[in-house]
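Take a look at the structure set out below.
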Amino acid sequence: MIATDSLADWLGARTDAQLVKLLQLRPDLAVPLPASMSVLAVRAQQRASVLRAADELDTLEFAVIEALVANEDARTIGTTLTPLTRATLHAQLKDRVTKTAVTAALTRLLDRALVWQTGDDLHVTPSAVEALPWPLGATTALPDALTEPEVTTALTQASPAERALLDKLATTGPRGRTRDAAPGTPADRPVQRLLAARLLHRIDDETVELPVTVGQLLRGEPVTDPHALAPPKPALTKNAPAEVNAVGAGEVGELLRDCADLLDALGKLPAPALRAGGLGVRELRRLAKQTGIDEQRTGLLLELLTAAKLVEKGLPEPAPDLDSTDDFWAPTPAADAWLDAPPATRWVLLAQAWLELDRMPWMIGLRDAADKPIAALSAELRIPHAVRDRHAVLGLLAEFPSGTALTPADIGKLLAWRMPRRRRHFRLDAVTATLAEAATVGLLGRGALDSAARALLHGAGSGVAEAEMATALPEPVDHVLVQADLTVIAPGPLVPELRGRIALVADVESAGAATVYRVGDASVRRALDAGMTAAELHALFANHSRTPVPQSLTYLIDDVARRHGQLRAGMAQSFLRSDDPALLAQVLAAPVAETLALRAIAPTVAIALAPLGELLDQLRAAGFAPAGEDSGGAIVDLRPRGARIAVRPLARKPYRPTPPSDEQLALLVTELRAGERAAGARSSRSVRADGTRTGTAATLALLQLAARVGRPVNIGYVDAQGVATQRVVEPLRVGNGQLDAIDPVTGATRHFTLHRIASVALLD
């Protein structure tokens with residue numbers, strides 16, 4: 001209680017700006033609004049809140065906490081030690097870190113109320129010892145374990161049996177029980193050999209422990225040294241910003257082209273969804289083979305398109321299988337508008353979707369706990385800390401000048417020093433995969449952030465990022481190069497109109513900075529089917545080719561056009577037949593024939609574009625008596641039946657709380673001050689409302705008395721959300737079911753509903 005009281009007093013002495021910063025750094029302390037500084041102090045020392053706040057602490061800040069905890073423990077057991085002050089703390093750490101760095105670390109801990117002061121003495125919250133990412137004393141005791149290079153060398157010399165034992169401990173837990181740890185065990189046993197090599201530590205005759213450094217290397221985590229109180233200095237690779245932007249723009253071109261191909265493939269044949277959700281391995285391979293994209297990249301692009309709402313799961317129209325009620329993955333209507341948008345606009349949507357994607361696509365194909373491969377678009381890919389880790393990796397790159405690249409190992413080590421409690425999130429494979437995805441999305445070039453990515457990460461807005469990417473992307477060209485082998489080379493991205501027409505008459509053979517198309521019989525026939533004529537195709541190549549059009553292409557177009565359309569096919573939704581040609585002629589001569597667009601194709605057969613039901617209704621209304629028949633000529637019952645459709649529940653979006661604004665936090669601090677003032681006020685006469693008529697009358701009388709004589713009161717008030725608070729106010733008037741009073745802290749007039757006032761006390 002003494003610690004809580006001193007912390008409450010220290011919090012009460014903080015300025016409003018400092019309290020607002022505390023609530024910004026630890027927003028859980030403000031929900032619900034604490035009634036007093038004592039309540040705030042209790043919350044600030046709760047274990048869950050302390051552990052949550054400690055996730056953002058770096059190695060030096062944990063060293064300060066450890067020094068304070070060790071001092072508090074020594075005083076608890078009776079050792080005659082005085083509390084640590086800033087001066088003594090600086091003296092303890094002066095050999096390993098500068099005084100400025102210690103002061104900055106201590107300031108950050110004070111801002112989070114993990115450390116507070118009484119005079120010159122420093123105190124730490126008791127729960128902080130549980131937040132330490134290493135055993136207590138690790139930062140102060142001299143290291144006796146092997147260094148990272150020594151562990152790496154020793155692991156290469158370990159036998160398969162010894163390595164299997166180490167891998168088991170690294171996966172399941174650092175401690176293991178074995179009889180081989182006892183003295184006198186033959187020296188050639190694996191456990192004894194590992195103990196001799198210092199790859200294991202002996203705890204007792206039946207227990208061994210895996211050293212921290214060994215476990216980190218085996219799991220692929222960055223190795224952390226609690227004694228390194230200064231951040232590691234990574235090796236920087238410098239690149240020209242223009243080169244970085246050019247490489248990033250090249251990746252964007254590939255990204256947009258592959259996404260368009262995937263949308264086209266899914267539009268032609270939607271992929272069935274697994275019953276457990278996600279996309280099956282067979283369908284993923286089918287899409288990869290159809291588009292010419294490797295499977296891992298296909299999975300990533302599908303995750304991007306789904307996150308951008310360009311692909312969704314449902315029953316598309318028209319449905320691939322009319323008898324099926326299963327879901328399919330297919331493009332959404334938004335995909336059409338996206339395909340028609342400028343390249344930079346299309347990229348921004350995908351880049352923002354990836355930055356805010358709470359999934360890790362690089363895990364597609366890995367094995368889950370049941371040793372089954374993780375499917376694309378499945379729920380197993382959702383990782384709560386994915387967005388936070390992704391922003392941590394890219395945010396670190398954004399701290400360095402433009403064109404600067406870091407290796408994944410250096411990024412992992414630096415982030416592990418900054419956030420040692422989260423060091424397992426920055427394993428080498430995780431950081432490498434994150435950087436690879438960022439390069440695929442077009443945020444990186446040569447391992448460095450491009451200008452458009454920096455605009456997104458720095459919060460400049462999608463418009464600025466779009467402008468940066470539009471500048472980096474090559475200008476569209478309006479010409480092609482036609483070769484004698486019937487290939488058409490686009491020396492860059494084509495203008496939209498020309499791109500669409502070339503894609504209609506030619507097939508992509510290879511994509512890249514320069515796209516190669518090939519013209520063939522099928523592609524020319526496709527263009528003719530779309531309504532283009534042979535003359536238009538000749539004009540297309542003559543007007544847009546910078547090279548002479550070869551005769552082989554001219555002959556190909558003319559030959560396909562000569563054979564095209566000799567056999568015609570049309571559409572008809574219903575037909576009308578009669579064994580009496582005169583009756584059919586009478587129908588064709590009636591006004592209803594024009595309404596139904598009836599056309600005779602034989603003396604006894606006519607076709608119509610109208611549906612069969614409408615055809616029957618119109619003919620019956622005109623005085624005829626037709627009957628419906630099936631494909632075998634039998635009369636069928638065509639009475640209309642009600643439509644049926646399965647109702648699908650709307651998918652609930654994941655809840656993401658919006659952090660409060662500075663103005664809202666300032667208001668919370670004002671309310672907290674009012675509650676603290678009310679808690680410390682001395683009261684004389686008081687009334688507690690009990691819901692009865694007598695209690696209500698007594699409350700009303702006491703408030704009216706306070707308003708007449710100008711006495712402040714301490715009221716207990718329950719707001720509309722059910723939160724009870726105490727506050728001191730100066731009543732002005734009572735009436736119309738409410739109390740009008742002045743808040744002495746802000747000087748503003750407040751209005752309180754009378755039936756929500758739980759208690760009233762006159763203040764001396």
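Following the order of the structure tokens, first chain is A, next is B, and so on, with residues numbered from 1 inside each chain and ligands from 1 in the order they appear.
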
Excluding Asp55 of chain A and residues on its chain fewer than 2 positions from it, collect all residues at most 9 Å away from it, counting only C-alpha atoms, and give them as a list in words.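 Here the qualifying residues turn out to be Val50, Leu51, Arg52, Ala53, Leu57, Asp58, Ala131, Met419, Pro420, Arg421 and Arg422 of chain A.
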
Surrounding residues of Leu457 of chain A excluding itself and chain neighbours under 2 positions, 10 Å, only C-alpha atoms, as a list in words: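 Result of the neighbour search: Gln352, Leu355, His391, Leu394, Gly395, Ala398, Leu449, Ala452, Ala453, Arg454, Ala455, Gly459, Ala460, Gly461 and Ala465 of chain A.
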
Which residue is closest to Ala513 of chain A? Choose from A:Val39, A:Asn714, A:Arg257, A:Gly633 and count only C-alpha atoms.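 Checking each of A:Val39, A:Asn714, A:Arg257, A:Gly633 against Ala513 of chain A, counting only C-alpha atoms, the winner is A:Arg257.
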
With a distance cut-off of 12 Å and only C-alpha atoms, select the neighbouring residues of Glu497 of chain A, excluding the residue or stretch itself and same-chain residues fewer than 6 positions from it, and output the selection as a list of chain:residue names. A:Asp340, A:Pro476, A:Val477, A:Asp478, A:His479, A:Ala503, A:Leu504, A:Leu540, A:His544

Hey, can you check how far atom CA of Ser631 of chain A sits from atom CA of Pro611 of chain A?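 Taking atom CA of Ser631 of chain A as the start and atom CA of Pro611 of chain A as the end point, the length is 15.6 Å.
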
Given the choices A:Leu576, A:Ala154, A:Leu598, A:Leu60, which gets closest to Pro133 of chain A if the distance is worked out from only C-alpha atoms?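 Closest candidate: A:Leu60.
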
Skipping near chain neighbours, those fewer than 4 positions away, what residues fall within 9 Å of segment 745-754 of chain A using only C-alpha atoms, listed as a list in words?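 Near segment 745-754 of chain A, the qualifying residues are Thr670, Arg673, Ala674, Thr696, Thr699, Leu700, Tyr717, Asp719, Val728, Val729, Leu732, Val734, Gly735, Gly737, Gln738, Leu739, Asp740, Ala741 and Ala758 of chain A.
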
For the structure I just gave you, how does DSSP split segment 202-313 of chain A - specifically, which residues are alpha helix (DSSP H)? Reply as JSON, numbers by chain. {"A": [212, 213, 214, 215, 216, 217, 218, 219, 241, 242, 243, 244, 245, 246, 247, 248, 249, 250, 251, 252, 253, 254, 255, 256, 257, 258, 259, 260, 261, 262, 263, 264, 265, 266, 267, 268, 281, 282, 283, 284, 285, 286, 287, 288, 289, 290, 291, 295, 296, 297, 298, 299, 300, 301, 302, 303, 304, 305, 306, 307]}

Give me the residues near Pro626 of chain A as JSON, numbers by chain, where near means some atom within 12 Å (using only C-alpha atoms) and where sequence neighbours in that chain fewer than 5 positions away do not count. {"A": [575, 576, 577, 578, 583, 584, 587, 612, 613, 614, 615, 616, 617, 618, 619, 620, 621, 635, 636, 638]}

To one decimal in Å, tell me the separation between atom CA of Ala54 of chain A and atom CA of Trp362 of chain A.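 Separation between atom CA of Ala54 of chain A and atom CA of Trp362 of chain A: 28.4 Å.
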
As number ranges by chain, please: every residue in segment 411-648 of chain A that DSSP puts in strand (DSSP E). A: 444-445, 448-449, 481-482, 487-490, 507-510, 515-518, 574-577, 599-602, 605-608

I'd like to know which of A:Thr118, A:Thr152, A:Asn71, A:Gln46 is closest to Glu130 of chain A, using only C-alpha atoms.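 The closest residue to Glu130 of chain A is A:Gln46.
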
Nearest residue to Leu486 of chain A from the set A:Trp417, A:Phe541, A:Phe426, A:Trp134 (distances using only C-alpha atoms):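 Closest candidate: A:Phe541.
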
Could you list, as a PDB file with all heavy atoms, in the first residue's frame, every residue within 7 Å of Val508 of chain A, counting only C-alpha atoms and ignoring same-chain residues fewer than 4 positions away?
```
ATOM      1  N   VAL A 516       6.528  -9.344 -74.991  1.00  0.00           N
ATOM      2  CA  VAL A 516       6.533  -9.972 -76.310  1.00  0.00           C
ATOM      3  C   VAL A 516       5.188 -10.669 -76.518  1.00  0.00           C
ATOM      4  O   VAL A 516       4.782 -11.508 -75.700  1.00  0.00           O
ATOM      5  CB  VAL A 516       7.688 -10.979 -76.443  1.00  0.00           C
ATOM      6  CG1 VAL A 516       7.661 -11.639 -77.815  1.00  0.00           C
ATOM      7  CG2 VAL A 516       9.024 -10.288 -76.218  1.00  0.00           C
ATOM      8  N   TYR A 517       4.503 -10.295 -77.593  1.00  0.00           N
ATOM      9  CA  TYR A 517       3.239 -10.919 -77.977  1.00  0.00           C
ATOM     10  C   TYR A 517       3.476 -11.776 -79.220  1.00  0.00           C
ATOM     11  O   TYR A 517       4.412 -11.540 -80.002  1.00  0.00           O
ATOM     12  CB  TYR A 517       2.177  -9.869 -78.301  1.00  0.00           C
ATOM     13  CG  TYR A 517       1.804  -8.951 -77.154  1.00  0.00           C
ATOM     14  CD1 TYR A 517       2.539  -7.799 -76.898  1.00  0.00           C
ATOM     15  CD2 TYR A 517       0.705  -9.225 -76.352  1.00  0.00           C
ATOM     16  CE1 TYR A 517       2.195  -6.943 -75.854  1.00  0.00           C
ATOM     17  CE2 TYR A 517       0.350  -8.383 -75.312  1.00  0.00           C
ATOM     18  CZ  TYR A 517       1.101  -7.242 -75.070  1.00  0.00           C
ATOM     19  OH  TYR A 517       0.760  -6.399 -74.042  1.00  0.00           O
ATOM     20  N   ARG A 518       2.606 -12.752 -79.432  1.00  0.00           N
ATOM     21  CA  ARG A 518       2.670 -13.563 -80.653  1.00  0.00           C
ATOM     22  C   ARG A 518       1.290 -13.600 -81.300  1.00  0.00           C
ATOM     23  O   ARG A 518       0.279 -13.841 -80.626  1.00  0.00           O
ATOM     24  CB  ARG A 518       3.147 -14.985 -80.362  1.00  0.00           C
ATOM     25  CG  ARG A 518       3.203 -15.868 -81.620  1.00  0.00           C
ATOM     26  CD  ARG A 518       3.933 -17.161 -81.361  1.00  0.00           C
ATOM     27  NE  ARG A 518       5.341 -16.942 -81.073  1.00  0.00           N
ATOM     28  CZ  ARG A 518       6.286 -16.744 -82.008  1.00  0.00           C
ATOM     29  NH1 ARG A 518       5.943 -16.721 -83.298  1.00  0.00           N
ATOM     30  NH2 ARG A 518       7.542 -16.584 -81.652  1.00  0.00           N
TER      31      ARG A 518
END
```

May I have the residues within 8 Å of Thr298 of chain A as a PDB file with all heavy atoms, in the first residue's frame, using only C-alpha atoms and disregarding those fewer than 3 positions away in the same chain?
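Full text of result_29.pdb as output:
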```pdb
ATOM      1  N   LEU A 284      -4.743 -24.043 -56.317  1.00  0.00           N
ATOM      2  CA  LEU A 284      -3.617 -23.111 -56.370  1.00  0.00           C
ATOM      3  C   LEU A 284      -2.658 -23.490 -57.490  1.00  0.00           C
ATOM      4  O   LEU A 284      -2.162 -22.611 -58.227  1.00  0.00           O
ATOM      5  CB  LEU A 284      -2.897 -23.111 -55.022  1.00  0.00           C
ATOM      6  CG  LEU A 284      -1.742 -22.112 -54.870  1.00  0.00           C
ATOM      7  CD1 LEU A 284      -2.254 -20.687 -54.949  1.00  0.00           C
ATOM      8  CD2 LEU A 284      -1.007 -22.331 -53.550  1.00  0.00           C
ATOM      9  N   LEU A 287      -4.238 -22.529 -60.883  1.00  0.00           N
ATOM     10  CA  LEU A 287      -4.105 -21.105 -61.183  1.00  0.00           C
ATOM     11  C   LEU A 287      -2.665 -20.739 -61.534  1.00  0.00           C
ATOM     12  O   LEU A 287      -2.422 -19.930 -62.435  1.00  0.00           O
ATOM     13  CB  LEU A 287      -4.584 -20.282 -59.986  1.00  0.00           C
ATOM     14  CG  LEU A 287      -6.091 -20.304 -59.709  1.00  0.00           C
ATOM     15  CD1 LEU A 287      -6.395 -19.612 -58.385  1.00  0.00           C
ATOM     16  CD2 LEU A 287      -6.847 -19.616 -60.837  1.00  0.00           C
ATOM     17  N   ALA A 288      -1.709 -21.330 -60.819  1.00  0.00           N
ATOM     18  CA  ALA A 288      -0.308 -21.040 -61.110  1.00  0.00           C
ATOM     19  C   ALA A 288       0.071 -21.511 -62.511  1.00  0.00           C
ATOM     20  O   ALA A 288       0.770 -20.804 -63.252  1.00  0.00           O
ATOM     21  CB  ALA A 288       0.582 -21.699 -60.061  1.00  0.00           C
ATOM     22  N   ILE A 293       2.549 -18.236 -63.185  1.00  0.00           N
ATOM     23  CA  ILE A 293       3.141 -17.654 -61.974  1.00  0.00           C
ATOM     24  C   ILE A 293       3.449 -18.801 -61.021  1.00  0.00           C
ATOM     25  O   ILE A 293       2.671 -19.757 -60.920  1.00  0.00           O
ATOM     26  CB  ILE A 293       2.170 -16.652 -61.316  1.00  0.00           C
ATOM     27  CG1 ILE A 293       1.644 -15.648 -62.356  1.00  0.00           C
ATOM     28  CG2 ILE A 293       2.829 -15.919 -60.176  1.00  0.00           C
ATOM     29  CD1 ILE A 293       0.512 -14.776 -61.834  1.00  0.00           C
ATOM     30  N   ASP A 294       4.580 -18.718 -60.300  1.00  0.00           N
ATOM     31  CA  ASP A 294       4.897 -19.795 -59.371  1.00  0.00           C
ATOM     32  C   ASP A 294       3.889 -19.804 -58.219  1.00  0.00           C
ATOM     33  O   ASP A 294       3.234 -18.800 -57.928  1.00  0.00           O
ATOM     34  CB  ASP A 294       6.328 -19.668 -58.839  1.00  0.00           C
ATOM     35  CG  ASP A 294       6.536 -18.438 -57.983  1.00  0.00           C
ATOM     36  OD1 ASP A 294       6.143 -18.458 -56.805  1.00  0.00           O
ATOM     37  OD2 ASP A 294       7.086 -17.446 -58.499  1.00  0.00           O
ATOM     38  N   GLU A 295       3.787 -20.942 -57.542  1.00  0.00           N
ATOM     39  CA  GLU A 295       2.717 -21.157 -56.564  1.00  0.00           C
ATOM     40  C   GLU A 295       2.827 -20.208 -55.373  1.00  0.00           C
ATOM     41  O   GLU A 295       1.817 -19.691 -54.892  1.00  0.00           O
ATOM     42  CB  GLU A 295       2.747 -22.608 -56.084  1.00  0.00           C
ATOM     43  CG  GLU A 295       2.377 -23.616 -57.159  1.00  0.00           C
ATOM     44  CD  GLU A 295       2.366 -25.033 -56.634  1.00  0.00           C
ATOM     45  OE1 GLU A 295       2.215 -25.211 -55.412  1.00  0.00           O
ATOM     46  OE2 GLU A 295       2.514 -25.977 -57.443  1.00  0.00           O
ATOM     47  N   LEU A 301      -0.368 -13.156 -54.119  1.00  0.00           N
ATOM     48  CA  LEU A 301      -1.218 -12.254 -54.897  1.00  0.00           C
ATOM     49  C   LEU A 301      -2.696 -12.483 -54.591  1.00  0.00           C
ATOM     50  O   LEU A 301      -3.486 -11.527 -54.551  1.00  0.00           O
ATOM     51  CB  LEU A 301      -0.947 -12.437 -56.393  1.00  0.00           C
ATOM     52  CG  LEU A 301       0.483 -12.144 -56.857  1.00  0.00           C
ATOM     53  CD1 LEU A 301       0.563 -12.183 -58.376  1.00  0.00           C
ATOM     54  CD2 LEU A 301       0.965 -10.794 -56.340  1.00  0.00           C
ATOM     55  N   LEU A 302      -3.084 -13.730 -54.365  1.00  0.00           N
ATOM     56  CA  LEU A 302      -4.474 -13.994 -53.993  1.00  0.00           C
ATOM     57  C   LEU A 302      -4.804 -13.370 -52.645  1.00  0.00           C
ATOM     58  O   LEU A 302      -5.907 -12.830 -52.449  1.00  0.00           O
ATOM     59  CB  LEU A 302      -4.725 -15.496 -53.946  1.00  0.00           C
ATOM     60  CG  LEU A 302      -4.811 -16.212 -55.298  1.00  0.00           C
ATOM     61  CD1 LEU A 302      -4.894 -17.713 -55.092  1.00  0.00           C
ATOM     62  CD2 LEU A 302      -6.013 -15.721 -56.098  1.00  0.00           C
TER      63      LEU A 302
END
```
